[in-house]
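Source file: query-v8.txt. Holds: compact mmCIF, N, CA and C atoms.
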```txt
# COMPACT_ATOMS: atom_id res chain seq x y z
N MET C 1 0.84 -1.17 0.00
CA MET C 1 0.00 0.00 0.00
C MET C 1 0.89 1.24 0.00
N ARG C 2 0.54 2.19 -0.83
CA ARG C 2 1.32 3.42 -0.90
C ARG C 2 0.98 4.33 0.28
N ARG C 3 1.97 4.99 0.73
CA ARG C 3 1.83 5.89 1.87
C ARG C 3 1.87 7.33 1.38
N LEU C 4 1.04 8.16 1.92
CA LEU C 4 1.00 9.56 1.55
C LEU C 4 1.99 10.33 2.41
N LEU C 5 2.90 11.04 1.76
CA LEU C 5 3.90 11.84 2.46
C LEU C 5 3.53 13.31 2.33
N VAL C 6 3.57 14.03 3.42
CA VAL C 6 3.34 15.45 3.40
C VAL C 6 4.54 16.12 4.04
N VAL C 7 5.10 17.06 3.34
CA VAL C 7 6.27 17.77 3.84
C VAL C 7 5.97 19.25 3.81
N ILE C 8 6.34 19.94 4.85
CA ILE C 8 6.15 21.38 4.93
C ILE C 8 7.52 22.04 4.91
N ALA C 9 7.68 22.98 4.03
CA ALA C 9 8.94 23.71 3.95
C ALA C 9 8.78 25.03 4.68
N LEU C 10 9.37 25.12 5.86
CA LEU C 10 9.34 26.35 6.63
C LEU C 10 10.73 26.94 6.64
N LEU C 11 10.82 28.19 6.32
CA LEU C 11 12.12 28.83 6.24
C LEU C 11 12.32 29.73 7.43
N SER C 12 13.57 29.92 7.79
CA SER C 12 13.90 30.77 8.93
C SER C 12 13.70 32.23 8.59
N ALA C 13 13.71 33.06 9.60
CA ALA C 13 13.51 34.50 9.41
C ALA C 13 14.62 35.10 8.56
N THR C 14 15.80 34.52 8.61
CA THR C 14 16.90 35.06 7.80
C THR C 14 16.63 34.86 6.31
N ALA C 15 15.89 33.86 5.95
CA ALA C 15 15.57 33.63 4.55
C ALA C 15 14.64 34.72 4.02
N ALA C 16 13.80 35.26 4.89
CA ALA C 16 12.88 36.32 4.46
C ALA C 16 13.66 37.54 3.98
N ALA C 17 14.77 37.84 4.62
CA ALA C 17 15.58 38.98 4.20
C ALA C 17 16.22 38.72 2.84
N ALA C 18 16.53 37.47 2.56
CA ALA C 18 17.19 37.11 1.30
C ALA C 18 16.23 37.06 0.12
N ARG C 19 14.93 37.08 0.36
CA ARG C 19 13.98 36.91 -0.74
C ARG C 19 13.97 38.07 -1.71
N ASP C 20 14.49 39.23 -1.28
CA ASP C 20 14.50 40.38 -2.16
C ASP C 20 15.45 40.21 -3.33
N THR C 21 16.43 39.35 -3.20
CA THR C 21 17.38 39.12 -4.28
C THR C 21 17.44 37.63 -4.59
N ILE C 22 17.35 37.33 -5.86
CA ILE C 22 17.46 35.94 -6.29
C ILE C 22 18.88 35.73 -6.78
N PRO C 23 19.63 34.80 -6.16
CA PRO C 23 21.00 34.58 -6.60
C PRO C 23 21.05 34.13 -8.06
N VAL C 24 22.04 34.62 -8.76
CA VAL C 24 22.24 34.20 -10.14
C VAL C 24 22.60 32.72 -10.12
N ALA C 25 22.00 31.96 -11.02
CA ALA C 25 22.24 30.52 -11.08
C ALA C 25 22.80 30.15 -12.44
N THR C 26 23.88 29.37 -12.42
CA THR C 26 24.48 28.86 -13.64
C THR C 26 24.01 27.42 -13.83
N GLN C 27 23.42 27.12 -14.97
CA GLN C 27 22.92 25.77 -15.23
C GLN C 27 24.07 24.78 -15.26
N GLU C 28 23.84 23.63 -14.64
CA GLU C 28 24.84 22.55 -14.57
C GLU C 28 24.21 21.26 -15.07
N GLY C 29 24.07 21.12 -16.36
CA GLY C 29 23.48 19.90 -16.92
C GLY C 29 22.03 20.10 -17.30
N LYS C 30 21.41 18.98 -17.64
CA LYS C 30 20.03 19.00 -18.12
C LYS C 30 19.04 18.99 -16.96
N PRO C 31 17.87 19.62 -17.15
CA PRO C 31 16.83 19.56 -16.12
C PRO C 31 16.29 18.14 -15.98
N VAL C 32 15.78 17.85 -14.79
CA VAL C 32 15.19 16.54 -14.52
C VAL C 32 13.74 16.73 -14.08
N ASP C 33 12.96 15.68 -14.24
CA ASP C 33 11.54 15.75 -13.87
C ASP C 33 11.30 15.53 -12.39
N CYS C 34 12.19 14.78 -11.71
CA CYS C 34 11.97 14.43 -10.30
C CYS C 34 13.27 14.50 -9.51
N ILE C 35 13.13 14.78 -8.20
CA ILE C 35 14.27 14.70 -7.28
C ILE C 35 13.85 13.84 -6.09
N PRO C 36 14.79 13.06 -5.50
CA PRO C 36 14.43 12.17 -4.39
C PRO C 36 14.15 12.95 -3.10
N LEU C 37 13.03 12.64 -2.47
CA LEU C 37 12.65 13.31 -1.22
C LEU C 37 13.70 13.15 -0.13
N THR C 38 14.31 11.98 -0.05
CA THR C 38 15.26 11.71 1.03
C THR C 38 16.53 12.55 0.93
N GLN C 39 16.77 13.15 -0.24
CA GLN C 39 17.98 13.95 -0.40
C GLN C 39 17.73 15.46 -0.26
N ILE C 40 16.46 15.87 -0.15
CA ILE C 40 16.17 17.29 0.02
C ILE C 40 16.51 17.69 1.45
N ARG C 41 17.41 18.67 1.59
CA ARG C 41 17.82 19.14 2.91
C ARG C 41 17.18 20.48 3.27
N GLU C 42 16.87 21.27 2.25
CA GLU C 42 16.32 22.60 2.49
C GLU C 42 15.66 23.10 1.21
N SER C 43 14.64 23.91 1.36
CA SER C 43 14.07 24.59 0.21
C SER C 43 14.09 26.08 0.50
N ARG C 44 14.43 26.84 -0.51
CA ARG C 44 14.52 28.30 -0.37
C ARG C 44 13.60 28.94 -1.40
N VAL C 45 12.51 29.51 -0.92
CA VAL C 45 11.58 30.21 -1.80
C VAL C 45 12.20 31.56 -2.13
N ARG C 46 12.38 31.83 -3.41
CA ARG C 46 13.02 33.08 -3.85
C ARG C 46 12.00 34.15 -4.23
N ASP C 47 10.89 33.72 -4.84
CA ASP C 47 9.81 34.63 -5.22
C ASP C 47 8.59 33.78 -5.56
N ASP C 48 7.60 34.36 -6.20
CA ASP C 48 6.36 33.63 -6.51
C ASP C 48 6.52 32.55 -7.57
N ARG C 49 7.69 32.48 -8.22
CA ARG C 49 7.91 31.46 -9.26
C ARG C 49 9.16 30.64 -9.07
N THR C 50 9.99 30.93 -8.08
CA THR C 50 11.31 30.31 -8.00
C THR C 50 11.56 29.68 -6.64
N ILE C 51 11.93 28.40 -6.64
CA ILE C 51 12.29 27.68 -5.42
C ILE C 51 13.61 26.96 -5.68
N ASP C 52 14.58 27.14 -4.80
CA ASP C 52 15.84 26.40 -4.86
C ASP C 52 15.77 25.27 -3.85
N PHE C 53 16.01 24.05 -4.30
CA PHE C 53 16.05 22.88 -3.43
C PHE C 53 17.50 22.50 -3.21
N VAL C 54 17.95 22.57 -1.96
CA VAL C 54 19.32 22.21 -1.61
C VAL C 54 19.29 20.74 -1.19
N MET C 55 20.14 19.96 -1.83
CA MET C 55 20.15 18.52 -1.63
C MET C 55 21.34 18.09 -0.77
N SER C 56 21.35 16.82 -0.42
CA SER C 56 22.53 16.24 0.22
C SER C 56 23.73 16.52 -0.66
N GLY C 57 24.87 16.79 -0.05
CA GLY C 57 26.06 17.09 -0.83
C GLY C 57 26.06 18.51 -1.37
N ARG C 58 25.10 19.34 -0.94
CA ARG C 58 24.99 20.76 -1.31
C ARG C 58 24.66 20.99 -2.79
N LYS C 59 24.24 19.97 -3.49
CA LYS C 59 23.78 20.16 -4.87
C LYS C 59 22.47 20.95 -4.81
N VAL C 60 22.27 21.84 -5.78
CA VAL C 60 21.08 22.69 -5.80
C VAL C 60 20.31 22.47 -7.09
N TYR C 61 18.99 22.33 -6.96
CA TYR C 61 18.08 22.27 -8.10
C TYR C 61 17.16 23.48 -8.02
N ARG C 62 17.12 24.25 -9.09
CA ARG C 62 16.20 25.40 -9.15
C ARG C 62 14.94 24.96 -9.88
N ASN C 63 13.81 25.22 -9.25
CA ASN C 63 12.52 24.93 -9.87
C ASN C 63 11.86 26.27 -10.19
N THR C 64 11.64 26.50 -11.47
CA THR C 64 10.92 27.70 -11.90
C THR C 64 9.52 27.25 -12.29
N LEU C 65 8.54 27.67 -11.49
CA LEU C 65 7.16 27.29 -11.75
C LEU C 65 6.71 27.86 -13.09
N PRO C 66 5.86 27.14 -13.82
CA PRO C 66 5.40 27.64 -15.12
C PRO C 66 4.62 28.96 -15.01
N TYR C 67 3.94 29.16 -13.87
CA TYR C 67 3.15 30.36 -13.63
C TYR C 67 3.43 30.84 -12.20
N ALA C 68 3.30 32.13 -11.98
CA ALA C 68 3.48 32.67 -10.63
C ALA C 68 2.46 32.06 -9.68
N CYS C 69 2.90 31.78 -8.47
CA CYS C 69 2.04 31.21 -7.43
C CYS C 69 1.79 32.31 -6.40
N PRO C 70 0.59 32.89 -6.39
CA PRO C 70 0.32 34.03 -5.52
C PRO C 70 0.67 33.76 -4.05
N SER C 71 1.37 34.70 -3.46
CA SER C 71 1.76 34.69 -2.03
C SER C 71 2.91 33.76 -1.70
N LEU C 72 3.40 32.97 -2.63
CA LEU C 72 4.50 32.06 -2.33
C LEU C 72 5.73 32.84 -1.87
N GLY C 73 6.09 33.89 -2.60
CA GLY C 73 7.27 34.68 -2.25
C GLY C 73 7.15 35.40 -0.93
N SER C 74 5.98 35.88 -0.60
CA SER C 74 5.81 36.61 0.66
C SER C 74 5.64 35.67 1.85
N GLU C 75 4.99 34.55 1.67
CA GLU C 75 4.77 33.62 2.78
C GLU C 75 5.97 32.73 3.06
N GLN C 76 6.76 32.41 2.02
CA GLN C 76 7.99 31.63 2.19
C GLN C 76 7.78 30.21 2.72
N ARG C 77 6.60 29.65 2.55
CA ARG C 77 6.35 28.29 3.03
C ARG C 77 5.31 27.62 2.15
N PHE C 78 5.45 26.31 2.00
CA PHE C 78 4.51 25.56 1.18
C PHE C 78 4.49 24.11 1.66
N SER C 79 3.48 23.40 1.22
CA SER C 79 3.40 21.96 1.49
C SER C 79 3.21 21.25 0.16
N TYR C 80 3.45 19.96 0.18
CA TYR C 80 3.15 19.14 -0.97
C TYR C 80 2.81 17.75 -0.48
N ALA C 81 2.12 17.01 -1.30
CA ALA C 81 1.75 15.63 -0.97
C ALA C 81 2.11 14.76 -2.16
N THR C 82 2.71 13.62 -1.87
CA THR C 82 3.07 12.70 -2.94
C THR C 82 3.00 11.28 -2.40
N SER C 83 2.68 10.34 -3.25
CA SER C 83 2.67 8.93 -2.85
C SER C 83 3.95 8.25 -3.32
N LEU C 84 4.84 9.03 -3.91
CA LEU C 84 6.11 8.51 -4.40
C LEU C 84 7.24 8.91 -3.46
N SER C 85 8.41 8.42 -3.71
CA SER C 85 9.58 8.80 -2.92
C SER C 85 10.33 9.95 -3.59
N GLN C 86 9.65 10.63 -4.52
CA GLN C 86 10.25 11.72 -5.27
C GLN C 86 9.30 12.90 -5.33
N LEU C 87 9.86 14.07 -5.51
CA LEU C 87 9.07 15.25 -5.81
C LEU C 87 9.26 15.50 -7.30
N CYS C 88 8.16 15.64 -8.02
CA CYS C 88 8.23 15.69 -9.49
C CYS C 88 7.57 16.95 -10.05
N SER C 89 7.92 17.23 -11.29
CA SER C 89 7.37 18.40 -11.98
C SER C 89 5.86 18.29 -12.17
N SER C 90 5.32 17.10 -12.03
CA SER C 90 3.87 16.91 -12.14
C SER C 90 3.15 17.14 -10.81
N ASP C 91 3.92 17.39 -9.73
CA ASP C 91 3.33 17.59 -8.40
C ASP C 91 2.84 19.03 -8.21
N ILE C 92 1.96 19.19 -7.24
CA ILE C 92 1.36 20.47 -6.90
C ILE C 92 1.84 20.88 -5.50
N ILE C 93 2.21 22.16 -5.35
CA ILE C 93 2.53 22.68 -4.02
C ILE C 93 1.38 23.58 -3.58
N THR C 94 1.23 23.76 -2.27
CA THR C 94 0.20 24.62 -1.72
C THR C 94 0.85 25.61 -0.77
N VAL C 95 0.63 26.90 -1.02
CA VAL C 95 1.15 27.94 -0.15
C VAL C 95 0.48 27.82 1.21
N LEU C 96 1.26 28.02 2.27
CA LEU C 96 0.73 28.00 3.64
C LEU C 96 0.84 29.40 4.23
N TYR C 97 -0.29 29.93 4.69
CA TYR C 97 -0.31 31.25 5.31
C TYR C 97 0.03 31.13 6.78
N GLN C 98 0.80 32.10 7.29
CA GLN C 98 1.20 32.10 8.69
C GLN C 98 0.00 32.47 9.56
N THR C 99 -0.67 31.48 10.05
CA THR C 99 -1.76 31.62 11.01
C THR C 99 -1.50 30.58 12.10
N PRO C 100 -2.24 30.60 13.19
CA PRO C 100 -1.98 29.59 14.22
C PRO C 100 -2.02 28.15 13.71
N ASP C 101 -2.82 27.90 12.68
CA ASP C 101 -2.91 26.54 12.16
C ASP C 101 -2.41 26.41 10.71
N LEU C 102 -1.59 27.36 10.24
CA LEU C 102 -1.05 27.34 8.87
C LEU C 102 -2.14 27.10 7.83
N MET C 103 -2.94 28.11 7.60
CA MET C 103 -4.04 28.04 6.64
C MET C 103 -3.52 27.82 5.22
N ARG C 104 -4.22 26.96 4.48
CA ARG C 104 -3.83 26.65 3.10
C ARG C 104 -4.22 27.79 2.17
N GLY C 105 -3.31 28.09 1.23
CA GLY C 105 -3.55 29.13 0.24
C GLY C 105 -3.62 28.53 -1.15
N PRO C 106 -3.15 29.28 -2.16
CA PRO C 106 -3.21 28.80 -3.54
C PRO C 106 -2.38 27.54 -3.76
N SER C 107 -2.80 26.74 -4.70
CA SER C 107 -2.04 25.55 -5.12
C SER C 107 -1.53 25.79 -6.53
N CYS C 108 -0.27 25.37 -6.76
CA CYS C 108 0.39 25.66 -8.03
C CYS C 108 1.25 24.48 -8.46
N GLY C 109 1.40 24.32 -9.77
CA GLY C 109 2.21 23.24 -10.31
C GLY C 109 3.69 23.60 -10.32
N LEU C 110 4.52 22.57 -10.16
CA LEU C 110 5.98 22.74 -10.24
C LEU C 110 6.44 22.65 -11.69
N GLY C 111 7.64 23.14 -11.94
CA GLY C 111 8.30 22.98 -13.23
C GLY C 111 9.37 21.92 -13.10
N GLN C 112 10.22 21.82 -14.11
CA GLN C 112 11.33 20.88 -14.04
C GLN C 112 12.38 21.38 -13.05
N PHE C 113 13.22 20.47 -12.59
CA PHE C 113 14.27 20.77 -11.63
C PHE C 113 15.59 20.92 -12.38
N GLN C 114 16.09 22.15 -12.42
CA GLN C 114 17.33 22.44 -13.14
C GLN C 114 18.51 22.44 -12.17
N PRO C 115 19.48 21.52 -12.36
CA PRO C 115 20.67 21.58 -11.50
C PRO C 115 21.43 22.88 -11.79
N VAL C 116 21.82 23.56 -10.70
CA VAL C 116 22.49 24.86 -10.84
C VAL C 116 23.63 25.00 -9.84
N THR C 117 24.48 25.95 -10.12
CA THR C 117 25.45 26.45 -9.16
C THR C 117 25.05 27.89 -8.89
N LEU C 118 24.86 28.25 -7.61
CA LEU C 118 24.45 29.60 -7.27
C LEU C 118 25.67 30.50 -7.13
N ALA C 119 25.53 31.73 -7.60
CA ALA C 119 26.59 32.72 -7.47
C ALA C 119 26.86 32.99 -5.99
N GLY C 120 28.12 33.14 -5.66
CA GLY C 120 28.48 33.46 -4.28
C GLY C 120 28.58 32.27 -3.36
N ARG C 121 28.55 31.06 -3.90
CA ARG C 121 28.65 29.85 -3.06
C ARG C 121 30.02 29.28 -3.16
```
Please, can you express the file's structure as structure tokens?
Amino acid sequence: MRRLLVVIALLSATAAAARDTIPVATQEGKPVDCIPLTQIRESRVRDDRTIDFVMSGRKVYRNTLPYACPSLGSEQRFSYATSLSQLCSSDIITVLYQTPDLMRGPSCGLGQFQPVTLAGR
């Protein structure tokens, strides 16, 4: 039986200060459709369309959503649900609003995961 996994990406207050600038990213190879959940160490919401996923070994995948996801950049947190052991471009994320019970906001589709090297790293 498949198990439903729900992961919430909550970022620290220091990440909120960094959201005003999106680090320049140099592409490192071809984009992929999925990344393994067990290797995701951190997610950094950059704006309403851009999320950087930091993996084990400090590898970074930039996901540029096909369309802007309202409030994603300002809220800096999202959830997703998958029955697989991977997060894929076919998956949907849901913005979480900062309330006592983390109220659900808009849901948006992910794009492909582009391996990148971030400037200044």
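Between CA of Ile22 in chain C and CA of Gly111 in chain C the interatomic distance comes to 17.3 Å.
Closest to Val60 in chain C among C:Val45, C:Ile40, C:Leu72, C:Cys108 is C:Ile40, based on only C-alpha atoms.
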Fill in: DSSP-assigned strand (DSSP E) members of chain C, reported as a PyMOL selection string
chain C and resi 5-10+25-27+34-36+40-45+50-55+60-64+77-82+86-88+92-97+103-109+113-118
Discussion item. List the spatial neighbours of range 85-90 of chain C as a PyMOL selection string - criterion: any atom at most 10 Å away, only C-alpha atoms, same-chain residues fewer than 2 positions off excluded.
Written reply: chain C and resi 3-5+32-40+63-66+80-83+92+109-113
Please write the residues from the selection above to a file, keeping N, CA and C atoms, as an mmCIF file, in the coordinates of the input.
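Okay, this is what ended up in result.cif:
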```cif
data_model
loop_
_atom_site.group_PDB
_atom_site.id
_atom_site.type_symbol
_atom_site.label_atom_id
_atom_site.label_comp_id
_atom_site.auth_asym_id
_atom_site.auth_seq_id
_atom_site.Cartn_x
_atom_site.Cartn_y
_atom_site.Cartn_z
ATOM 1 N N ARG C 3 1.970 4.990 0.730
ATOM 2 C CA ARG C 3 1.830 5.890 1.870
ATOM 3 C C ARG C 3 1.870 7.330 1.380
ATOM 4 N N LEU C 4 1.040 8.160 1.920
ATOM 5 C CA LEU C 4 1.000 9.560 1.550
ATOM 6 C C LEU C 4 1.990 10.330 2.410
ATOM 7 N N LEU C 5 2.900 11.040 1.760
ATOM 8 C CA LEU C 5 3.900 11.840 2.460
ATOM 9 C C LEU C 5 3.530 13.310 2.330
ATOM 10 N N VAL C 32 15.780 17.850 -14.790
ATOM 11 C CA VAL C 32 15.190 16.540 -14.520
ATOM 12 C C VAL C 32 13.740 16.730 -14.080
ATOM 13 N N ASP C 33 12.960 15.680 -14.240
ATOM 14 C CA ASP C 33 11.540 15.750 -13.870
ATOM 15 C C ASP C 33 11.300 15.530 -12.390
ATOM 16 N N CYS C 34 12.190 14.780 -11.710
ATOM 17 C CA CYS C 34 11.970 14.430 -10.300
ATOM 18 C C CYS C 34 13.270 14.500 -9.510
ATOM 19 N N ILE C 35 13.130 14.780 -8.200
ATOM 20 C CA ILE C 35 14.270 14.700 -7.280
ATOM 21 C C ILE C 35 13.850 13.840 -6.090
ATOM 22 N N PRO C 36 14.790 13.060 -5.500
ATOM 23 C CA PRO C 36 14.430 12.170 -4.390
ATOM 24 C C PRO C 36 14.150 12.950 -3.100
ATOM 25 N N LEU C 37 13.030 12.640 -2.470
ATOM 26 C CA LEU C 37 12.650 13.310 -1.220
ATOM 27 C C LEU C 37 13.700 13.150 -0.130
ATOM 28 N N THR C 38 14.310 11.980 -0.050
ATOM 29 C CA THR C 38 15.260 11.710 1.030
ATOM 30 C C THR C 38 16.530 12.550 0.930
ATOM 31 N N GLN C 39 16.770 13.150 -0.240
ATOM 32 C CA GLN C 39 17.980 13.950 -0.400
ATOM 33 C C GLN C 39 17.730 15.460 -0.260
ATOM 34 N N ILE C 40 16.460 15.870 -0.150
ATOM 35 C CA ILE C 40 16.170 17.290 0.020
ATOM 36 C C ILE C 40 16.510 17.690 1.450
ATOM 37 N N ASN C 63 13.810 25.220 -9.250
ATOM 38 C CA ASN C 63 12.520 24.930 -9.870
ATOM 39 C C ASN C 63 11.860 26.270 -10.190
ATOM 40 N N THR C 64 11.640 26.500 -11.470
ATOM 41 C CA THR C 64 10.920 27.700 -11.900
ATOM 42 C C THR C 64 9.520 27.250 -12.290
ATOM 43 N N LEU C 65 8.540 27.670 -11.490
ATOM 44 C CA LEU C 65 7.160 27.290 -11.750
ATOM 45 C C LEU C 65 6.710 27.860 -13.090
ATOM 46 N N PRO C 66 5.860 27.140 -13.820
ATOM 47 C CA PRO C 66 5.400 27.640 -15.120
ATOM 48 C C PRO C 66 4.620 28.960 -15.010
ATOM 49 N N TYR C 80 3.450 19.960 0.180
ATOM 50 C CA TYR C 80 3.150 19.140 -0.970
ATOM 51 C C TYR C 80 2.810 17.750 -0.480
ATOM 52 N N ALA C 81 2.120 17.010 -1.300
ATOM 53 C CA ALA C 81 1.750 15.630 -0.970
ATOM 54 C C ALA C 81 2.110 14.760 -2.160
ATOM 55 N N THR C 82 2.710 13.620 -1.870
ATOM 56 C CA THR C 82 3.070 12.700 -2.940
ATOM 57 C C THR C 82 3.000 11.280 -2.400
ATOM 58 N N SER C 83 2.680 10.340 -3.250
ATOM 59 C CA SER C 83 2.670 8.930 -2.850
ATOM 60 C C SER C 83 3.950 8.250 -3.320
ATOM 61 N N ILE C 92 1.960 19.190 -7.240
ATOM 62 C CA ILE C 92 1.360 20.470 -6.900
ATOM 63 C C ILE C 92 1.840 20.880 -5.500
ATOM 64 N N GLY C 109 1.400 24.320 -9.770
ATOM 65 C CA GLY C 109 2.210 23.240 -10.310
ATOM 66 C C GLY C 109 3.690 23.600 -10.320
ATOM 67 N N LEU C 110 4.520 22.570 -10.160
ATOM 68 C CA LEU C 110 5.980 22.740 -10.240
ATOM 69 C C LEU C 110 6.440 22.650 -11.690
ATOM 70 N N GLY C 111 7.640 23.140 -11.940
ATOM 71 C CA GLY C 111 8.300 22.980 -13.230
ATOM 72 C C GLY C 111 9.370 21.920 -13.100
ATOM 73 N N GLN C 112 10.220 21.820 -14.110
ATOM 74 C CA GLN C 112 11.330 20.880 -14.040
ATOM 75 C C GLN C 112 12.380 21.380 -13.050
ATOM 76 N N PHE C 113 13.220 20.470 -12.590
ATOM 77 C CA PHE C 113 14.270 20.770 -11.630
ATOM 78 C C PHE C 113 15.590 20.920 -12.380
#
```
If you count all atoms listed in the file, which residues fall within 8 Å of Gln98 in chain C, apart from same-chain ones fewer than 3 positions away, as a PDB file with N, CA and C atoms, keeping the file's coordinate frame?
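Wrote it out as selection-v6.pdb, contents follow:
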```
ATOM      1  N   GLU C  75       4.990  34.550   1.670  1.00  0.00           N
ATOM      2  CA  GLU C  75       4.770  33.620   2.780  1.00  0.00           C
ATOM      3  C   GLU C  75       5.970  32.730   3.060  1.00  0.00           C
ATOM      4  N   GLN C  76       6.760  32.410   2.020  1.00  0.00           N
ATOM      5  CA  GLN C  76       7.990  31.630   2.190  1.00  0.00           C
ATOM      6  C   GLN C  76       7.780  30.210   2.720  1.00  0.00           C
ATOM      7  N   ARG C  77       6.600  29.650   2.550  1.00  0.00           N
ATOM      8  CA  ARG C  77       6.350  28.290   3.030  1.00  0.00           C
ATOM      9  C   ARG C  77       5.310  27.620   2.150  1.00  0.00           C
ATOM     10  N   VAL C  95       0.630  26.900  -1.020  1.00  0.00           N
ATOM     11  CA  VAL C  95       1.150  27.940  -0.150  1.00  0.00           C
ATOM     12  C   VAL C  95       0.480  27.820   1.210  1.00  0.00           C
ATOM     13  N   ASP C 101      -2.820  27.900  12.680  1.00  0.00           N
ATOM     14  CA  ASP C 101      -2.910  26.540  12.160  1.00  0.00           C
ATOM     15  C   ASP C 101      -2.410  26.410  10.710  1.00  0.00           C
ATOM     16  N   LEU C 102      -1.590  27.360  10.240  1.00  0.00           N
ATOM     17  CA  LEU C 102      -1.050  27.340   8.870  1.00  0.00           C
ATOM     18  C   LEU C 102      -2.140  27.100   7.830  1.00  0.00           C
ATOM     19  N   MET C 103      -2.940  28.110   7.600  1.00  0.00           N
ATOM     20  CA  MET C 103      -4.040  28.040   6.640  1.00  0.00           C
ATOM     21  C   MET C 103      -3.520  27.820   5.220  1.00  0.00           C
ATOM     22  N   ARG C 104      -4.220  26.960   4.480  1.00  0.00           N
ATOM     23  CA  ARG C 104      -3.830  26.650   3.100  1.00  0.00           C
ATOM     24  C   ARG C 104      -4.220  27.790   2.170  1.00  0.00           C
TER      25      ARG C 104
END
```
Worksheet item: To one decimal place, how far is atom N of Arg58 in chain C from atom C of Ser74 in chain C in Å?
Response: 25.6 Å
Worksheet item: Which is closest to Arg46 in chain C among C:Pro70, C:Glu28, C:Thr21, C:Thr117, if we use only C-alpha atoms?
Response: C:Thr21
Box along x, y and z, 3 Å on every side, all listed atoms of range 46-64 of chain C inside: centre and edge lengths in Å to one decimal, as JSON.
```
{"center_x": 16.2, "center_y": 25.4, "center_z": -6.0, "size_x": 25.7, "size_y": 24.4, "size_z": 18.5}
```
Discussion item. Taking only C-alpha atoms into account, name the residue in C:Val54, C:Gly73, C:Pro31, C:Ser79 that is nearest to Ser107 in chain C.
Written reply: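 When distances to Ser107 in chain C are compared using only C-alpha atoms, the smallest one comes from C:Ser79.
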Item to complete: Find the spatial neighbours of Leu118 in chain C, counting all atoms listed in the file, within a cut-off of 8 Å - ignore same-chain residues fewer than 3 positions away - and output them as a list in words.
Response: Pro23, Val24, Ala25, Thr26, Gln27, Val60, Pro115 and Arg121 of chain C
Could the residues in this selection be saved with N, CA and C atoms as a PDB file, in the frame of the given file?
```pdb
ATOM      1  N   PRO C  23      19.630  34.800  -6.160  1.00  0.00           N
ATOM      2  CA  PRO C  23      21.000  34.580  -6.600  1.00  0.00           C
ATOM      3  C   PRO C  23      21.050  34.130  -8.060  1.00  0.00           C
ATOM      4  N   VAL C  24      22.040  34.620  -8.760  1.00  0.00           N
ATOM      5  CA  VAL C  24      22.240  34.200 -10.140  1.00  0.00           C
ATOM      6  C   VAL C  24      22.600  32.720 -10.120  1.00  0.00           C
ATOM      7  N   ALA C  25      22.000  31.960 -11.020  1.00  0.00           N
ATOM      8  CA  ALA C  25      22.240  30.520 -11.080  1.00  0.00           C
ATOM      9  C   ALA C  25      22.800  30.150 -12.440  1.00  0.00           C
ATOM     10  N   THR C  26      23.880  29.370 -12.420  1.00  0.00           N
ATOM     11  CA  THR C  26      24.480  28.860 -13.640  1.00  0.00           C
ATOM     12  C   THR C  26      24.010  27.420 -13.830  1.00  0.00           C
ATOM     13  N   GLN C  27      23.420  27.120 -14.970  1.00  0.00           N
ATOM     14  CA  GLN C  27      22.920  25.770 -15.230  1.00  0.00           C
ATOM     15  C   GLN C  27      24.070  24.780 -15.260  1.00  0.00           C
ATOM     16  N   VAL C  60      22.270  21.840  -5.780  1.00  0.00           N
ATOM     17  CA  VAL C  60      21.080  22.690  -5.800  1.00  0.00           C
ATOM     18  C   VAL C  60      20.310  22.470  -7.090  1.00  0.00           C
ATOM     19  N   PRO C 115      19.480  21.520 -12.360  1.00  0.00           N
ATOM     20  CA  PRO C 115      20.670  21.580 -11.500  1.00  0.00           C
ATOM     21  C   PRO C 115      21.430  22.880 -11.790  1.00  0.00           C
ATOM     22  N   ARG C 121      28.550  31.060  -3.900  1.00  0.00           N
ATOM     23  CA  ARG C 121      28.650  29.850  -3.060  1.00  0.00           C
ATOM     24  C   ARG C 121      30.020  29.280  -3.160  1.00  0.00           C
TER      25      ARG C 121
END
```
Discussion item. Can you tell me, as a count of residues only, which residues in chain C count as alpha helix (DSSP H) by DSSP?
Written reply: 10
Worksheet, complete the sentence: Pairwise distance, atom N of Leu96 in chain C with CA of Glu42 in chain C, equals 16.0 Å
Incomplete range 73-78 of chain C filled out to N, CA, C and O atoms as an mmCIF file, in the coordinates of the input:
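That gives us out.cif:
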```cif
data_model
loop_
_atom_site.group_PDB
_atom_site.id
_atom_site.type_symbol
_atom_site.label_atom_id
_atom_site.label_comp_id
_atom_site.auth_asym_id
_atom_site.auth_seq_id
_atom_site.Cartn_x
_atom_site.Cartn_y
_atom_site.Cartn_z
ATOM 1 N N GLY C 73 6.090 33.890 -2.600
ATOM 2 C CA GLY C 73 7.270 34.680 -2.250
ATOM 3 C C GLY C 73 7.150 35.400 -0.930
ATOM 4 O O GLY C 73 8.121 35.496 -0.180
ATOM 5 N N SER C 74 5.980 35.880 -0.600
ATOM 6 C CA SER C 74 5.810 36.610 0.660
ATOM 7 C C SER C 74 5.640 35.670 1.850
ATOM 8 O O SER C 74 6.121 35.961 2.940
ATOM 9 N N GLU C 75 4.990 34.550 1.670
ATOM 10 C CA GLU C 75 4.770 33.620 2.780
ATOM 11 C C GLU C 75 5.970 32.730 3.060
ATOM 12 O O GLU C 75 6.175 32.275 4.176
ATOM 13 N N GLN C 76 6.760 32.410 2.020
ATOM 14 C CA GLN C 76 7.990 31.630 2.190
ATOM 15 C C GLN C 76 7.780 30.210 2.720
ATOM 16 O O GLN C 76 8.681 29.633 3.306
ATOM 17 N N ARG C 77 6.600 29.650 2.550
ATOM 18 C CA ARG C 77 6.350 28.290 3.030
ATOM 19 C C ARG C 77 5.310 27.620 2.150
ATOM 20 O O ARG C 77 4.439 28.279 1.600
ATOM 21 N N PHE C 78 5.450 26.310 2.000
ATOM 22 C CA PHE C 78 4.510 25.560 1.180
ATOM 23 C C PHE C 78 4.490 24.110 1.660
ATOM 24 O O PHE C 78 5.356 23.673 2.413
#
```
